[in-house]
Amino acid sequence: MILVTGGAGYIGSQCVKILTERGYRTVVFDNLSRGHREMVLSGEWVQGDLGDGDALAGAIRRYGVRAVVHFAALALVGESEERPHEYYMNNVRGGLHLLDAMLKTGVDRIVFSSSAAVYGEPAALPIEEGHPTRPTNVYGGTKLIFENILRQYARTYGIRFISLRYFNAAGADPEGAIGEDHAPETHLVPLVLDAAMGRRPEITIHGADYDTPDGTCIRDYVHVRDLAAAHVLALDRLEKGPCGEFYNLGSGSGFSVREVIRSAEKVTGLKVPVKEGRRRAGDPARLVASSRKIEKELGWKPVCSDLDTIMDTAWKWHRRRFEGK
C-alpha cells in the first residue's frame with residue numbers, strides 16, 4: 001500500500017491514477033484545502049492534515065503502508081512571499097510530522113514532490129541537478145529545506161528517498177477524467193484556454209522584450225502524466241535498496257509564451273485575445289531542464305510532453321469542466 005499525501009491535487013490525483021493502472025494499491029491523505037475529492041478515482045481515502053501526526057501514523061498503520069509519495073504542499077510563489085509563515089508550517093513542519101510518522105511506523109521509503117524553484121535564477125542552461133540551489137522565493141526555499149532534511153534523515157535514520165524536481169507541469173489526463181482545477185488559477189495553459197473560451201477578456205504577456213526569438217519568456221513544460229509516471233519509476237527504484245537521489249523532470253524543450261498561445265489557437269480553433277504588459281520581477285528569460293540523469297538511471301522518458309499534446313489534453317479537460325463536453 002502506498003500513502004499519497006496531497007493525492008487529491010492536480011499532480012497527486014494523476015499519480016494515484018497511474019499507480020492504480022500499474023498495480024499499486026493506494027491510500028490518499030489530503031485535507032482538501034487545495035485538492036478535490038472527486039479527483040481521487042481509486043484507492044482508499046483519509047481526510048486529514050499534515051499537522052496531525054497521530055492521523056498520519058494512524059493511516060499508515062491502518063492500511064499497512066510500506067512507502068510514501070509526498071505531494072501535500074502549498075505551492076503558489078506569490079502567496080508564499082505574502083504568507084511565509086503558512087508555507088513554513090505546512091511545507092516544512094508538516095513534512096517533519098510525516099517523517100516522524102514514518103519513523104514511528106517503520107516506513108523508510110519516500111518519493112518527494114519537489115520543484116525547479118530550488119534552483120532560483122539559472123546560471124547555465126539546460127539546468128542540471130548539480131546546478132547551484134539558490135531559491136528566490138519562500139516556496140522554493142521550503143522545498144530546498146525539506147530536501148536537506150531528507151538528506152539528514154537518510155544519514156541518521158536510514159530513510160530511503162528520491163526527490164523529483166518538476167519544471168512546468170501542464171496538460172491533463174489523456175482520458176479526460178481529471179485535470180487542473182486551481183483557485184486562483186496561475187498556470188499559463190489553463191489561463192490561455194480561459195481566454196480562448198471567453199472566460200477571461202485576454203491573456204497578458206508579462207514582458208515581450210526578452211532576449212528570446214519572439215521576445216517572450218521560454219519555459220519547459222512537462223505533461224502531468226509523464227510526471228506521474230516518474231513517481232512509479234522512483235518507487236520501483238526504492239524497492240531495490242538504499243537511495244537518496246535528486247532528479248529533474250522536464251521535457252528538455254522550451255516553449256515561449258507566444259508559442260503556447262499559438263498552440264492553443266491551433267488546437268481549439270479559437271482566437272486568443274492578447275495584451276502585452278510589463279515584465280514581472282524575477283522572471284528569467286529562459287528555464288529549461290536537463291532530464292538526462294533520470295532518463296539514464298531510471299529509464300524515464302516523456303511521451304506526452306510535446307506542446308500540442310499538452311494543449312489537446314488540457315483543452316479536452318477544460319471543455320468537459322466548463323461546457324460539459
# chains A, B, ... in the order shown; residues from 1 in each chain; ligands from 1
$ residues_around --residues "Lys240 in chain A" --least-positions-apart "2" --cutoff "12 Å" --atoms "only C-alpha atoms" --output "list in words"
Arg109, Arg160, Phe161, Leu233, Ala234, Leu235, Asp236, Arg237, Leu238, Pro242, Cys243 and Leu298 of chain A
$ write_last_selection --atoms "C-alpha atoms" --output "JSON list (two decimals), in the first residue's frame"
[["chain", "number", "residue", "atom", "x", "y", "z"],
["A", 109, "ARG", "CA", 10.73, 4.92, 1.66],
["A", 160, "ARG", "CA", 15.41, 5.99, 1.51],
["A", 161, "PHE", "CA", 14.25, 8.86, -0.68],
["A", 233, "LEU", "CA", 9.76, 4.53, -11.54],
["A", 234, "ALA", "CA", 11.03, 6.18, -8.34],
["A", 235, "LEU", "CA", 9.01, 3.81, -6.16],
["A", 236, "ASP", "CA", 10.31, 0.87, -8.15],
["A", 237, "ARG", "CA", 13.88, 2.09, -7.60],
["A", 238, "LEU", "CA", 13.35, 2.46, -3.84],
["A", 242, "PRO", "CA", 19.05, 2.43, -0.31],
["A", 243, "CYS", "CA", 18.71, 5.56, -2.40],
["A", 298, "LEU", "CA", 15.55, 5.21, -14.08]]
$ residues_around --residues "range 39-47 of chain A" --least-positions-apart "4" --cutoff "12 Å" --atoms "only C-alpha atoms" --output "PyMOL selection string"
chain A and resi 1-21+23-35+52+55-60+62-65+172-173+176-181
$ residues_around --residues "Val138 in chain A" --least-positions-apart "4" --cutoff "9 Å" --atoms "only C-alpha atoms" --output "NGL selection string"
:A and (77-81 or 83-84 or 87-88 or 142-143)
$ write_last_selection --atoms "N, CA and C atoms" --output "mmCIF file, in the first residue's frame"
data_model
loop_
_atom_site.group_PDB
_atom_site.id
_atom_site.type_symbol
_atom_site.label_atom_id
_atom_site.label_comp_id
_atom_site.auth_asym_id
_atom_site.auth_seq_id
_atom_site.Cartn_x
_atom_site.Cartn_y
_atom_site.Cartn_z
ATOM 1 N N VAL A 77 3.888 30.742 -5.677
ATOM 2 C CA VAL A 77 5.086 31.543 -5.420
ATOM 3 C C VAL A 77 4.731 32.887 -4.802
ATOM 4 N N GLY A 78 3.799 33.624 -5.421
ATOM 5 C CA GLY A 78 3.434 34.933 -4.897
ATOM 6 C C GLY A 78 2.855 34.857 -3.500
ATOM 7 N N GLU A 79 1.995 33.894 -3.273
ATOM 8 C CA GLU A 79 1.389 33.705 -1.954
ATOM 9 C C GLU A 79 2.445 33.376 -0.907
ATOM 10 N N SER A 80 3.454 32.616 -1.316
ATOM 11 C CA SER A 80 4.495 32.250 -0.355
ATOM 12 C C SER A 80 5.253 33.473 0.144
ATOM 13 N N GLU A 81 5.402 34.485 -0.702
ATOM 14 C CA GLU A 81 6.075 35.711 -0.291
ATOM 15 C C GLU A 81 5.192 36.555 0.635
ATOM 16 N N ARG A 83 2.665 35.198 2.589
ATOM 17 C CA ARG A 83 2.269 34.435 3.777
ATOM 18 C C ARG A 83 3.317 33.369 4.090
ATOM 19 N N PRO A 84 4.550 33.786 4.360
ATOM 20 C CA PRO A 84 5.629 32.803 4.552
ATOM 21 C C PRO A 84 5.392 31.861 5.719
ATOM 22 N N TYR A 87 3.588 28.795 4.752
ATOM 23 C CA TYR A 87 4.385 27.908 3.906
ATOM 24 C C TYR A 87 5.409 27.120 4.720
ATOM 25 N N TYR A 88 6.054 27.777 5.666
ATOM 26 C CA TYR A 88 6.999 27.037 6.512
ATOM 27 C C TYR A 88 6.270 26.031 7.404
ATOM 28 N N THR A 142 11.220 26.464 0.890
ATOM 29 C CA THR A 142 10.673 25.370 1.702
ATOM 30 C C THR A 142 10.953 24.018 1.067
ATOM 31 N N LYS A 143 10.935 23.959 -0.252
ATOM 32 C CA LYS A 143 11.257 22.699 -0.930
ATOM 33 C C LYS A 143 12.716 22.309 -0.686
#
$ residues_around --residues "Ile203 in chain A" --least-positions-apart "2" --cutoff "9 Å" --atoms "only C-alpha atoms" --output "ChimeraX atom specification"
/A:188,191-192,194-196,200-201,205,261,272-276
$ write_last_selection --atoms "C-alpha atoms" --output "short mmCIF file (atom, residue, chain, number, x, y, z; two decimals), in the first residue's frame"
data_model
loop_
_atom_site.label_atom_id
_atom_site.label_comp_id
_atom_site.auth_asym_id
_atom_site.auth_seq_id
_atom_site.Cartn_x
_atom_site.Cartn_y
_atom_site.Cartn_z
CA LEU A 188 -0.33 29.62 -18.27
CA LEU A 191 -5.31 30.77 -18.42
CA VAL A 192 -4.77 30.83 -22.18
CA ASP A 194 -9.85 30.59 -20.43
CA ALA A 195 -9.11 33.50 -22.78
CA ALA A 196 -9.90 31.35 -25.82
CA ARG A 200 -11.42 35.99 -19.27
CA PRO A 201 -11.07 39.03 -21.53
CA ILE A 205 2.06 38.56 -21.80
CA ILE A 261 -0.76 30.85 -27.36
CA VAL A 272 -6.82 34.06 -28.05
CA PRO A 273 -7.04 37.78 -27.17
CA VAL A 274 -3.62 39.04 -26.08
CA LYS A 275 -2.46 42.04 -24.08
CA GLU A 276 1.21 42.92 -23.66
#
$ atom_distance --atom1 "CA of Asp283 in chain A" --atom2 "CA of His85 in chain A"
23.7 Å
$ select_by_dssp --residues "range 89-209 of chain A" --states "strand (DSSP E)" --output "NGL selection string"
:A and (109-115 or 160-166 or 168-170 or 203-206)
$ residues_around --residues "Ala230 in chain A" --least-positions-apart "4" --cutoff "12 Å" --atoms "only C-alpha atoms" --output "ChimeraX atom specification"
/A:11,14-15,18-19,69,111-113,162-166,222-226,234-237,247-250,291,294-295,297-303
$ select_by_dssp --residues "range 117-286 of chain A" --states "helix (DSSP H, G or I)" --output "ChimeraX atom specification"
/A:117-118,138-157,188-197,224-239,257-268
$ closest_residue --among "A:Asp211, A:Glu147, A:Glu245, A:Asp100" --to "Lys293 in chain A" --atoms "only C-alpha atoms"
A:Glu245
$ residues_around --residues "Gly140 in chain A" --least-positions-apart "3" --cutoff "10 Å" --atoms "only C-alpha atoms" --output "MDAnalysis selection string"
chainID A and resid 75:77 80 114:120 133:137 143:145
$ write_last_selection --atoms "C-alpha atoms" --output "compact mmCIF listing (two decimals), in the first residue's frame"
# COMPACT_ATOMS: atom_id res chain seq x y z
CA ALA A 75 2.65 25.87 -3.95
CA LEU A 76 1.94 29.45 -5.06
CA VAL A 77 5.09 31.54 -5.42
CA SER A 80 4.50 32.25 -0.35
CA SER A 114 9.99 18.93 -5.18
CA SER A 115 10.37 21.80 -7.64
CA ALA A 116 12.73 23.53 -10.04
CA ALA A 117 12.14 26.54 -7.77
CA VAL A 118 15.01 25.20 -5.62
CA TYR A 119 17.45 26.44 -8.31
CA GLY A 120 16.47 30.10 -8.45
CA THR A 133 20.38 25.81 -5.39
CA ARG A 134 19.57 29.43 -4.55
CA PRO A 135 15.78 29.81 -4.30
CA THR A 136 14.42 33.29 -4.95
CA ASN A 137 11.11 32.80 -3.14
CA LYS A 143 11.26 22.70 -0.93
CA LEU A 144 15.02 23.00 -0.54
CA ILE A 145 14.79 22.88 3.26
$ atom_distance --atom1 "CA of Gly241 in chain A" --atom2 "CA of Gln152 in chain A"
17.5 Å
$ residues_around --residues "Gly254 in chain A" --least-positions-apart "4" --cutoff "12 Å" --atoms "only C-alpha atoms" --output "MDAnalysis selection string"
chainID A and resid 125:127 167:168 212:213 216:222 250 258:260 285:290 305:307
$ write_last_selection --atoms "N, CA and C atoms" --output "short mmCIF file (atom, residue, chain, number, x, y, z; two decimals), in the first residue's frame"
data_model
loop_
_atom_site.label_atom_id
_atom_site.label_comp_id
_atom_site.auth_asym_id
_atom_site.auth_seq_id
_atom_site.Cartn_x
_atom_site.Cartn_y
_atom_site.Cartn_z
N LEU A 125 22.26 26.85 -18.78
CA LEU A 125 21.16 26.09 -19.36
C LEU A 125 21.72 25.00 -20.27
N PRO A 126 21.05 23.84 -20.35
CA PRO A 126 19.91 23.45 -19.52
C PRO A 126 20.33 23.22 -18.07
N ILE A 127 19.37 23.31 -17.16
CA ILE A 127 19.65 23.18 -15.74
C ILE A 127 19.82 21.70 -15.39
N PHE A 167 9.65 20.86 -13.45
CA PHE A 167 9.62 22.15 -14.12
C PHE A 167 8.13 22.52 -14.29
N ASN A 168 7.64 22.90 -15.44
CA ASN A 168 6.26 23.40 -15.54
C ASN A 168 5.29 22.27 -15.85
N THR A 212 14.91 36.47 -26.37
CA THR A 212 14.45 35.18 -26.89
C THR A 212 13.98 35.40 -28.32
N PRO A 213 13.79 34.34 -29.10
CA PRO A 213 13.43 34.54 -30.51
C PRO A 213 12.20 35.41 -30.75
N THR A 216 9.38 36.73 -25.77
CA THR A 216 8.65 36.30 -24.58
C THR A 216 9.39 35.18 -23.86
N CYS A 217 9.07 35.01 -22.57
CA CYS A 217 9.75 34.02 -21.73
C CYS A 217 9.60 32.60 -22.28
N ILE A 218 10.63 31.81 -22.10
CA ILE A 218 10.63 30.41 -22.51
C ILE A 218 10.66 29.53 -21.26
N ARG A 219 9.76 28.55 -21.23
CA ARG A 219 9.67 27.63 -20.11
C ARG A 219 9.61 26.18 -20.61
N ASP A 220 9.97 25.27 -19.72
CA ASP A 220 9.99 23.84 -20.01
C ASP A 220 8.70 23.22 -19.47
N TYR A 221 7.81 22.83 -20.37
CA TYR A 221 6.53 22.24 -19.97
C TYR A 221 6.60 20.72 -20.06
N VAL A 222 6.13 20.06 -19.01
CA VAL A 222 6.15 18.60 -18.98
C VAL A 222 4.75 18.12 -18.62
N GLY A 250 11.66 17.41 -16.69
CA GLY A 250 11.28 18.39 -17.70
C GLY A 250 11.30 17.71 -19.06
N ARG A 258 4.36 33.04 -26.48
CA ARG A 258 3.66 33.16 -27.77
C ARG A 258 3.45 31.80 -28.42
N GLU A 259 4.40 30.89 -28.27
CA GLU A 259 4.23 29.55 -28.83
C GLU A 259 3.09 28.81 -28.14
N VAL A 260 2.96 28.99 -26.83
CA VAL A 260 1.84 28.38 -26.11
C VAL A 260 0.51 28.94 -26.62
N ALA A 285 14.51 34.90 -18.46
CA ALA A 285 14.12 34.79 -19.86
C ALA A 285 13.87 33.34 -20.26
N ARG A 286 14.72 32.42 -19.75
CA ARG A 286 14.62 31.01 -20.14
C ARG A 286 14.79 30.12 -18.92
N LEU A 287 13.99 29.06 -18.86
CA LEU A 287 14.16 28.00 -17.87
C LEU A 287 13.91 26.67 -18.58
N VAL A 288 14.97 25.92 -18.77
CA VAL A 288 14.87 24.64 -19.47
C VAL A 288 15.66 23.61 -18.70
N ALA A 289 15.09 22.42 -18.54
CA ALA A 289 15.69 21.36 -17.73
C ALA A 289 16.55 20.43 -18.57
N SER A 290 17.53 19.86 -17.90
CA SER A 290 18.16 18.63 -18.40
C SER A 290 17.62 17.49 -17.55
N SER A 305 4.76 15.03 -23.77
CA SER A 305 5.13 16.41 -23.43
C SER A 305 5.43 17.31 -24.62
N ASP A 306 5.07 16.90 -25.84
CA ASP A 306 5.12 17.88 -26.92
C ASP A 306 3.98 18.87 -26.70
N LEU A 307 4.16 20.09 -27.14
CA LEU A 307 3.25 21.18 -26.76
C LEU A 307 1.83 20.94 -27.23
#
$ atom_distance --atom1 "CA of Gly53 in chain A" --atom2 "CA of Met89 in chain A"
13.3 Å
$ decode --residues "range 62-147 of chain A" --atoms "C-alpha atoms" --output "PDB file, in the first residue's frame"
ATOM      1  CA  ARG A  62      -4.434   1.031   9.425  1.00  0.00           C
ATOM      2  CA  TYR A  63      -3.668   0.463   5.758  1.00  0.00           C
ATOM      3  CA  GLY A  64      -0.311  -1.272   6.069  1.00  0.00           C
ATOM      4  CA  VAL A  65       1.573   1.434   4.181  1.00  0.00           C
ATOM      5  CA  ARG A  66       5.076   0.487   3.008  1.00  0.00           C
ATOM      6  CA  ALA A  67       6.067   3.644   1.077  1.00  0.00           C
ATOM      7  CA  VAL A  68       5.015   7.292   0.763  1.00  0.00           C
ATOM      8  CA  VAL A  69       4.626   9.663  -2.173  1.00  0.00           C
ATOM      9  CA  HIS A  70       4.559  13.159  -0.713  1.00  0.00           C
ATOM     10  CA  PHE A  71       2.745  15.855  -2.718  1.00  0.00           C
ATOM     11  CA  ALA A  72       0.944  17.771   0.042  1.00  0.00           C
ATOM     12  CA  ALA A  73       2.238  21.347  -0.094  1.00  0.00           C
ATOM     13  CA  LEU A  74       1.251  24.955  -0.555  1.00  0.00           C
ATOM     14  CA  ALA A  75       2.652  25.875  -3.951  1.00  0.00           C
ATOM     15  CA  LEU A  76       1.943  29.451  -5.058  1.00  0.00           C
ATOM     16  CA  VAL A  77       5.086  31.543  -5.420  1.00  0.00           C
ATOM     17  CA  GLY A  78       3.434  34.933  -4.897  1.00  0.00           C
ATOM     18  CA  GLU A  79       1.389  33.705  -1.954  1.00  0.00           C
ATOM     19  CA  SER A  80       4.495  32.250  -0.355  1.00  0.00           C
ATOM     20  CA  GLU A  81       6.075  35.711  -0.291  1.00  0.00           C
ATOM     21  CA  GLU A  82       2.946  37.228   1.257  1.00  0.00           C
ATOM     22  CA  ARG A  83       2.269  34.435   3.777  1.00  0.00           C
ATOM     23  CA  PRO A  84       5.629  32.803   4.552  1.00  0.00           C
ATOM     24  CA  HIS A  85       4.559  31.503   7.971  1.00  0.00           C
ATOM     25  CA  GLU A  86       1.894  29.290   6.405  1.00  0.00           C
ATOM     26  CA  TYR A  87       4.385  27.908   3.906  1.00  0.00           C
ATOM     27  CA  TYR A  88       6.999  27.037   6.512  1.00  0.00           C
ATOM     28  CA  MET A  89       4.359  25.498   8.782  1.00  0.00           C
ATOM     29  CA  ASN A  90       2.822  23.336   6.061  1.00  0.00           C
ATOM     30  CA  ASN A  91       5.730  22.521   3.763  1.00  0.00           C
ATOM     31  CA  VAL A  92       8.447  22.126   6.398  1.00  0.00           C
ATOM     32  CA  ARG A  93       6.798  21.442   9.733  1.00  0.00           C
ATOM     33  CA  GLY A  94       4.101  19.312   8.094  1.00  0.00           C
ATOM     34  CA  GLY A  95       6.794  17.358   6.275  1.00  0.00           C
ATOM     35  CA  LEU A  96       8.547  16.721   9.579  1.00  0.00           C
ATOM     36  CA  HIS A  97       5.292  15.360  11.019  1.00  0.00           C
ATOM     37  CA  LEU A  98       5.136  12.984   8.063  1.00  0.00           C
ATOM     38  CA  LEU A  99       8.717  11.814   8.584  1.00  0.00           C
ATOM     39  CA  ASP A 100       8.025  11.371  12.305  1.00  0.00           C
ATOM     40  CA  ALA A 101       5.012   9.189  11.489  1.00  0.00           C
ATOM     41  CA  MET A 102       7.162   7.154   9.124  1.00  0.00           C
ATOM     42  CA  LEU A 103       9.832   6.611  11.770  1.00  0.00           C
ATOM     43  CA  LYS A 104       7.215   5.567  14.348  1.00  0.00           C
ATOM     44  CA  THR A 105       5.688   3.021  11.987  1.00  0.00           C
ATOM     45  CA  GLY A 106       8.844   1.668  10.363  1.00  0.00           C
ATOM     46  CA  VAL A 107       8.214   3.064   6.867  1.00  0.00           C
ATOM     47  CA  ASP A 108      11.536   4.007   5.281  1.00  0.00           C
ATOM     48  CA  ARG A 109      10.732   4.923   1.658  1.00  0.00           C
ATOM     49  CA  ILE A 110       9.516   8.273   0.342  1.00  0.00           C
ATOM     50  CA  VAL A 111       9.246   9.948  -3.050  1.00  0.00           C
ATOM     51  CA  PHE A 112       9.178  13.726  -2.615  1.00  0.00           C
ATOM     52  CA  SER A 113       7.420  16.148  -4.943  1.00  0.00           C
ATOM     53  CA  SER A 114       9.995  18.934  -5.183  1.00  0.00           C
ATOM     54  CA  SER A 115      10.368  21.800  -7.636  1.00  0.00           C
ATOM     55  CA  ALA A 116      12.728  23.525 -10.038  1.00  0.00           C
ATOM     56  CA  ALA A 117      12.143  26.540  -7.772  1.00  0.00           C
ATOM     57  CA  VAL A 118      15.015  25.205  -5.623  1.00  0.00           C
ATOM     58  CA  TYR A 119      17.449  26.443  -8.305  1.00  0.00           C
ATOM     59  CA  GLY A 120      16.465  30.104  -8.451  1.00  0.00           C
ATOM     60  CA  GLU A 121      17.940  32.188 -11.256  1.00  0.00           C
ATOM     61  CA  PRO A 122      19.649  29.918 -13.799  1.00  0.00           C
ATOM     62  CA  ALA A 123      23.423  30.197 -14.006  1.00  0.00           C
ATOM     63  CA  ALA A 124      23.566  27.845 -17.006  1.00  0.00           C
ATOM     64  CA  LEU A 125      21.157  26.087 -19.357  1.00  0.00           C
ATOM     65  CA  PRO A 126      19.906  23.448 -19.520  1.00  0.00           C
ATOM     66  CA  ILE A 127      19.651  23.176 -15.743  1.00  0.00           C
ATOM     67  CA  GLU A 128      21.229  20.005 -14.355  1.00  0.00           C
ATOM     68  CA  GLU A 129      20.912  18.567 -10.857  1.00  0.00           C
ATOM     69  CA  GLY A 130      24.342  19.914  -9.895  1.00  0.00           C
ATOM     70  CA  HIS A 131      23.245  23.493 -10.604  1.00  0.00           C
ATOM     71  CA  PRO A 132      23.532  25.772  -7.529  1.00  0.00           C
ATOM     72  CA  THR A 133      20.381  25.810  -5.393  1.00  0.00           C
ATOM     73  CA  ARG A 134      19.572  29.428  -4.551  1.00  0.00           C
ATOM     74  CA  PRO A 135      15.783  29.813  -4.299  1.00  0.00           C
ATOM     75  CA  THR A 136      14.424  33.291  -4.946  1.00  0.00           C
ATOM     76  CA  ASN A 137      11.107  32.803  -3.139  1.00  0.00           C
ATOM     77  CA  VAL A 138       9.746  31.242   0.030  1.00  0.00           C
ATOM     78  CA  TYR A 139       8.053  28.378  -1.819  1.00  0.00           C
ATOM     79  CA  GLY A 140      11.325  27.239  -3.409  1.00  0.00           C
ATOM     80  CA  GLY A 141      13.051  27.730  -0.073  1.00  0.00           C
ATOM     81  CA  THR A 142      10.673  25.370   1.702  1.00  0.00           C
ATOM     82  CA  LYS A 143      11.257  22.699  -0.930  1.00  0.00           C
ATOM     83  CA  LEU A 144      15.022  23.002  -0.537  1.00  0.00           C
ATOM     84  CA  ILE A 145      14.788  22.883   3.265  1.00  0.00           C
ATOM     85  CA  PHE A 146      12.825  19.649   3.092  1.00  0.00           C
ATOM     86  CA  GLU A 147      15.302  18.166   0.618  1.00  0.00           C
TER      87      GLU A 147
END
